[in-house]
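Data first, discussion second: the structure below is written as structure tokens.
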Amino acid sequence: MNLTTLSGISGLFAREMKKWFRQKVQIVFAFVIPLMWLTLFGKSFNIAYFLNLPEGIPPDVKAIVQKAMEEILLRVFGSLDYFNFFAVGMLSVFALFTSMWSGMSLVFDRRLGYLERFLVAPIPRESIYLAKVFSALAKGLIQFTIMLLITFALGLTPKQGFTAIDMMGLYMVIAGLILALSAIFTAIAIRITSHDTVISIANLVNIPLMFTSNAIFPLEQMPDWMRVIAAVNPLTHSITLTRYLVLGIGSQAQVILSTFYLAGFTAVCVFLGVAAARRYL
Amino acid sequence: MNIVETRNLSVVYKGGVRALDGLDLNVREGEIFCLVGPNGAGKTTTMRVLTTLLRPTGGWARVAGYDVVKEAGKVRKMIGYVPQNLSADDELTGMENMILQCRLYGIRGREARERSLRLLELVGLREAADRLVASYSGGMRRRLELAMGLVHTPRILFLDEPTLGLDVHSRVMIWEHIRRLNHEEKTTILFTTHYMDEADKISDRVAIIDHGKIVAMGRPEDLKSSIGGDVIKLKINGRINGILSGIDEIIKVDEIDGEYRVKVKNGEEALPRILRILEERGIKVVYASLVKPTLDQVFVEYTGREYREEEEHVDVRVMTYVRERKR
């Protein structure tokens, strides 16, 4: 990579960020859907309510049943508060919600004629693509930071002994996920000329990817066929890792598997995206 | 030396449309060269091939000595391009667009700022430098595009319809800048237009393009004198059928779209004689006009078709495009 390439990428990156910061309304609106999920869904599904046993049960029996139910909850959700389980899972889903639109700006650049000017410049084709992906990553991480603060404000309680290292790990996992997803969605947009297609793709993928991961319900109780899908869904691995880091849920073996899967997945996505940009942009 | 050279250049789009059909072109270093022709003749396609945006399906093209396909990266360093569709980002200011353009060519920091300011000054946009491009008029946008095409002092500047949709004043301004650039910096200019008079006035040499082929190429004066003599356009009730054979000045008589074109050596003297003969024969003359040779006639001569600029059609397209961008 020579100086012109770097200067080109940084120039295009700065352009994306400037344009983004100028769209203040859109930035604020981007938080509406995630906030609805967290408050309307996350807060309406209160499992502690199910633990309130009916009147008239003898105190000793009540204590045993109560204990048993808590054990079940801990086994299924790793926490007595479903909101903890849900909110950490949704942080990865929100990363999907923002990344799936990352191809849009490329499509508009093509339609409005901006892309032509970049293509005439003596920069490698992939630098145009990488600038898009990196800016999607930067935007995604800024949005993630705000969402994280909101989840804490809404009552997310991290594990005992949650450290700065866990926090760094959390950022690395989310960064990997955003990078992988933006790399895919931007690469798809290389040959797309209509923004309607981008909208269709985004609408098509968000529900299946969310529900075939462990974002809302744990994997263990899914039917086998769905677990197969969940096992290759990058969201599953990002969520497994973030739950381990924030809530202390999950086994070491799972964590190692998910770390390798997510790292490999991200590397493959970026590699394929760069190859596609070189060839088709 | 030829800075642009093409041989048998062909582009066939998917679906079989033949946009370029064996185009041979040569542009000399330092000249202002114009590619002129009707809409759909292949002007923009030629520009896109020469600027490496489109791969030809046949033949070859070299720009500044490099092959546009095999050495695209080297070509890109040598050229500046001002596309037909506006390409400055209207959500950024003029200055921000200039800085971005500098960065795309590896120019950074203070040098980028200084160059941008100097070029904005040159095209008269210094005052508007920090305004969003969305607030610029059509003429200002064109001038910004021009300045952007110059940040890396290219050896050759490609301008695709640089005056499309501009008013007369803006048009004059654009040409002033381009002439000065050519004169002072010795930058070769290759531009397209569908205005024949613009091609005639501005360029050192002209190539007339039609259906993806060059039909005539040379200095405007030479092209005009090559078709020889003046033309008298006549519309009459009746037919000429050899009536005029007695007049020596007449070189040839053609009928195009129900109108006679009489090519003559000395139009001023031939016209009254022709009118007199027609009158004597009782043929009513609807109108008669004497036309000194223009590139329009060169086009007619080489293609056998009337030249129409179809300006309205083009302007409507540009207007909807601008409206779409403003949202």
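Ordering of the structure tokens sets the chain letters (A, B, ...); residue numbers start at 1 within each chain; ligands are numbered from 1 in the order shown.
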
**Request:** Could you list the residues in chain B lying within 8 Å of chain A, using only C-alpha atoms, and format the result as a list in words?
**Result:**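 The answer, sorted by residue number, is Thr51, Thr52, Leu53, Gly73, Lys74, Arg76, Lys77, Tyr81, Pro83, Asn85, Leu86, Ser87, Ala88, Asp89, Glu91, Leu92, Ile99, Leu100, Arg103, Leu104, Tyr105, Gly106, Ile107, Arg108 and Arg325 of chain B.
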
Residue contacts of Met148 (chain B) (8 Å, only C-alpha atoms) excluding same-chain residues fewer than 4 positions away, as a PDB file with C-alpha atoms, in the first residue's frame:
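Ended up saving to around21.pdb:
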ATOM      1  CA  ASN B  97     -14.639  18.609  -2.548  1.00  0.00           C
ATOM      2  CA  MET B  98     -11.329  20.089  -3.647  1.00  0.00           C
ATOM      3  CA  GLN B 101      -9.967  15.439  -4.922  1.00  0.00           C
ATOM      4  CA  LEU B 144     -15.990  23.644  -9.533  1.00  0.00           C
TER       5      LEU B 144
END

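CA of Ser203 (chain B) to CA of Gly58 (chain B) spans 28.3 Å [interatomic distance, one decimal].
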
Please produce, as JSON lines, a per-residue contact table for region 65-159 of chain A versus region 187-200 of chain A (criterion: any atom at most 7 Å away, only C-alpha atoms considered), showing the nearest atom pair and its distance in Å to one decimal, sorted by chain then residue number.
{"residue": "A:Gly103", "atom": "CA", "partner": "A:Ala189", "partner_atom": "CA", "distance": 5.0}
{"residue": "A:Met104", "atom": "CA", "partner": "A:Val198", "partner_atom": "CA", "distance": 6.4}
{"residue": "A:Leu106", "atom": "CA", "partner": "A:Ala189", "partner_atom": "CA", "distance": 6.6}
{"residue": "A:Val107", "atom": "CA", "partner": "A:Thr193", "partner_atom": "CA", "distance": 5.8}
{"residue": "A:Arg111", "atom": "CA", "partner": "A:Thr193", "partner_atom": "CA", "distance": 6.8}

**Prompt:** Any idea what the distance is between CA of Ser213 (chain A) and CA of Trp225 (chain A)?
**Reply:**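 Answer for the CA of Ser213 (chain A) to CA of Trp225 (chain A) separation: 12.5 Å.
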
**Request:** Find the residues around Gly22 (chain B) up to 6 Å (only C-alpha atoms counted), leave out those fewer than 5 positions away in its own chain, and share them as a ChimeraX atom specification.
**Result:** /B:8-10

Prev. selection, C-alpha atoms, output as a short mmCIF file (atom, residue, chain, number, x, y, z; two decimals), in the first residue's frame:
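Result saved to again-v3.cif:
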data_model
loop_
_atom_site.label_atom_id
_atom_site.label_comp_id
_atom_site.auth_asym_id
_atom_site.auth_seq_id
_atom_site.Cartn_x
_atom_site.Cartn_y
_atom_site.Cartn_z
CA ASN B 8 -10.41 0.51 -34.73
CA LEU B 9 -11.89 1.18 -31.29
CA SER B 10 -15.17 -0.63 -30.75
#

**Request:** Quote the spacing between CA of Leu146 (chain B) and CA of Glu29 (chain B) in Å to one decimal place.
**Result:**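 Rounded to one decimal, the two atoms are 19.6 Å apart.
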
**Request:** Considering only C-alpha atoms, return as number ranges by chain whatever protein or nucleic-acid residues lie within 12 Å of Val231 (chain B), sequence-local ones (same chain, fewer than 2 positions apart) excluded.
**Result:** B: 224, 227-229, 233-234, 249-254, 259-268, 270-271, 288-294, 296-298, 300-301

For those residues, write N, CA and C atoms to a file as an mmCIF file, in the first residue's frame.
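out-v5.cif was written with the following content:
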data_model
loop_
_atom_site.group_PDB
_atom_site.id
_atom_site.type_symbol
_atom_site.label_atom_id
_atom_site.label_comp_id
_atom_site.auth_asym_id
_atom_site.auth_seq_id
_atom_site.Cartn_x
_atom_site.Cartn_y
_atom_site.Cartn_z
ATOM 1 N N LYS B 224 -14.402 23.004 -43.455
ATOM 2 C CA LYS B 224 -15.408 23.825 -44.109
ATOM 3 C C LYS B 224 -15.061 24.053 -45.575
ATOM 4 N N ILE B 227 -15.711 21.060 -48.162
ATOM 5 C CA ILE B 227 -16.984 20.785 -48.814
ATOM 6 C C ILE B 227 -17.244 21.787 -49.942
ATOM 7 N N GLY B 228 -16.393 22.792 -50.046
ATOM 8 C CA GLY B 228 -16.384 23.691 -51.199
ATOM 9 C C GLY B 228 -17.612 24.563 -51.344
ATOM 10 N N GLY B 229 -17.413 25.851 -51.295
ATOM 11 C CA GLY B 229 -18.451 26.793 -51.660
ATOM 12 C C GLY B 229 -19.588 27.002 -50.691
ATOM 13 N N LYS B 233 -30.183 27.527 -49.775
ATOM 14 C CA LYS B 233 -31.307 26.657 -49.423
ATOM 15 C C LYS B 233 -32.555 27.228 -50.068
ATOM 16 N N LEU B 234 -33.288 26.358 -50.725
ATOM 17 C CA LEU B 234 -34.471 26.795 -51.459
ATOM 18 C C LEU B 234 -35.662 25.925 -51.128
ATOM 19 N N GLU B 249 -21.992 28.944 -61.780
ATOM 20 C CA GLU B 249 -21.527 28.861 -60.395
ATOM 21 C C GLU B 249 -22.005 27.588 -59.676
ATOM 22 N N ILE B 250 -23.058 26.966 -60.181
ATOM 23 C CA ILE B 250 -23.631 25.820 -59.464
ATOM 24 C C ILE B 250 -22.728 24.603 -59.552
ATOM 25 N N ILE B 251 -22.419 24.061 -58.395
ATOM 26 C CA ILE B 251 -21.564 22.875 -58.343
ATOM 27 C C ILE B 251 -22.440 21.626 -58.314
ATOM 28 N N LYS B 252 -23.491 21.706 -57.451
ATOM 29 C CA LYS B 252 -24.336 20.508 -57.357
ATOM 30 C C LYS B 252 -25.650 20.851 -56.674
ATOM 31 N N VAL B 253 -26.688 20.082 -56.993
ATOM 32 C CA VAL B 253 -28.005 20.327 -56.403
ATOM 33 C C VAL B 253 -28.462 19.064 -55.668
ATOM 34 N N ASP B 254 -28.820 19.246 -54.403
ATOM 35 C CA ASP B 254 -29.306 18.098 -53.603
ATOM 36 C C ASP B 254 -30.693 18.408 -53.087
ATOM 37 N N GLU B 259 -36.322 20.055 -49.303
ATOM 38 C CA GLU B 259 -35.696 21.366 -49.467
ATOM 39 C C GLU B 259 -34.514 21.180 -50.426
ATOM 40 N N TYR B 260 -34.335 22.157 -51.298
ATOM 41 C CA TYR B 260 -33.193 22.052 -52.200
ATOM 42 C C TYR B 260 -31.964 22.716 -51.598
ATOM 43 N N ARG B 261 -30.822 22.081 -51.781
ATOM 44 C CA ARG B 261 -29.560 22.680 -51.385
ATOM 45 C C ARG B 261 -28.717 22.825 -52.621
ATOM 46 N N VAL B 262 -28.511 24.044 -53.003
ATOM 47 C CA VAL B 262 -27.743 24.286 -54.222
ATOM 48 C C VAL B 262 -26.367 24.764 -53.795
ATOM 49 N N LYS B 263 -25.389 23.955 -54.132
ATOM 50 C CA LYS B 263 -24.038 24.349 -53.761
ATOM 51 C C LYS B 263 -23.453 25.208 -54.868
ATOM 52 N N VAL B 264 -22.968 26.390 -54.495
ATOM 53 C CA VAL B 264 -22.486 27.323 -55.510
ATOM 54 C C VAL B 264 -21.129 27.893 -55.136
ATOM 55 N N LYS B 265 -20.436 28.424 -56.148
ATOM 56 C CA LYS B 265 -19.114 28.980 -55.883
ATOM 57 C C LYS B 265 -19.200 30.354 -55.239
ATOM 58 N N ASN B 266 -20.073 31.173 -55.781
ATOM 59 C CA ASN B 266 -20.162 32.531 -55.267
ATOM 60 C C ASN B 266 -21.612 32.840 -54.945
ATOM 61 N N GLY B 267 -21.973 32.595 -53.710
ATOM 62 C CA GLY B 267 -23.376 32.647 -53.297
ATOM 63 C C GLY B 267 -24.042 33.975 -53.544
ATOM 64 N N GLU B 268 -23.337 35.064 -53.243
ATOM 65 C CA GLU B 268 -23.939 36.385 -53.332
ATOM 66 C C GLU B 268 -24.406 36.688 -54.763
ATOM 67 N N ALA B 270 -24.805 34.240 -57.231
ATOM 68 C CA ALA B 270 -25.628 33.160 -57.784
ATOM 69 C C ALA B 270 -27.075 33.271 -57.333
ATOM 70 N N LEU B 271 -27.297 33.713 -56.091
ATOM 71 C CA LEU B 271 -28.649 33.718 -55.541
ATOM 72 C C LEU B 271 -29.635 34.520 -56.396
ATOM 73 N N ALA B 288 -35.762 31.424 -49.659
ATOM 74 C CA ALA B 288 -34.421 31.173 -50.178
ATOM 75 C C ALA B 288 -33.443 31.785 -49.198
ATOM 76 N N SER B 289 -32.380 31.048 -48.895
ATOM 77 C CA SER B 289 -31.388 31.649 -48.002
ATOM 78 C C SER B 289 -29.996 31.222 -48.403
ATOM 79 N N LEU B 290 -29.076 32.119 -48.162
ATOM 80 C CA LEU B 290 -27.690 31.842 -48.500
ATOM 81 C C LEU B 290 -26.963 31.465 -47.212
ATOM 82 N N VAL B 291 -26.298 30.324 -47.226
ATOM 83 C CA VAL B 291 -25.591 29.873 -46.034
ATOM 84 C C VAL B 291 -24.111 29.749 -46.356
ATOM 85 N N LYS B 292 -23.313 30.464 -45.573
ATOM 86 C CA LYS B 292 -21.867 30.295 -45.697
ATOM 87 C C LYS B 292 -21.517 28.976 -45.010
ATOM 88 N N PRO B 293 -20.461 28.318 -45.425
ATOM 89 C CA PRO B 293 -20.185 26.985 -44.869
ATOM 90 C C PRO B 293 -19.992 26.987 -43.350
ATOM 91 N N THR B 294 -20.611 26.022 -42.679
ATOM 92 C CA THR B 294 -20.421 25.829 -41.245
ATOM 93 C C THR B 294 -20.138 24.345 -41.038
ATOM 94 N N ASP B 296 -22.040 22.463 -39.473
ATOM 95 C CA ASP B 296 -23.313 21.768 -39.696
ATOM 96 C C ASP B 296 -23.345 21.197 -41.111
ATOM 97 N N GLN B 297 -22.885 22.053 -42.077
ATOM 98 C CA GLN B 297 -22.904 21.573 -43.455
ATOM 99 C C GLN B 297 -21.866 20.488 -43.695
ATOM 100 N N VAL B 298 -20.778 20.606 -42.993
ATOM 101 C CA VAL B 298 -19.780 19.538 -43.107
ATOM 102 C C VAL B 298 -20.417 18.227 -42.679
ATOM 103 N N VAL B 300 -23.636 17.486 -42.716
ATOM 104 C CA VAL B 300 -24.611 17.090 -43.738
ATOM 105 C C VAL B 300 -23.894 16.448 -44.922
ATOM 106 N N GLU B 301 -22.798 17.072 -45.307
ATOM 107 C CA GLU B 301 -22.039 16.598 -46.455
ATOM 108 C C GLU B 301 -21.529 15.164 -46.249
#

**Request:** Within region 25-88 of chain A, find each residue whose DSSP state, derived from the backbone, is helix (DSSP H, G or I), and express the selection as a VMD selection string.
**Result:** chain A and resid 25 to 29 32 to 42 47 to 51 59 to 77 82 to 88

**Item:** Filtered DSSP result for region 230-299 of chain B, state strand (DSSP E), as an MDAnalysis selection string
**Value:** chainID B and resid 230:237 250:256 259:264 284:291
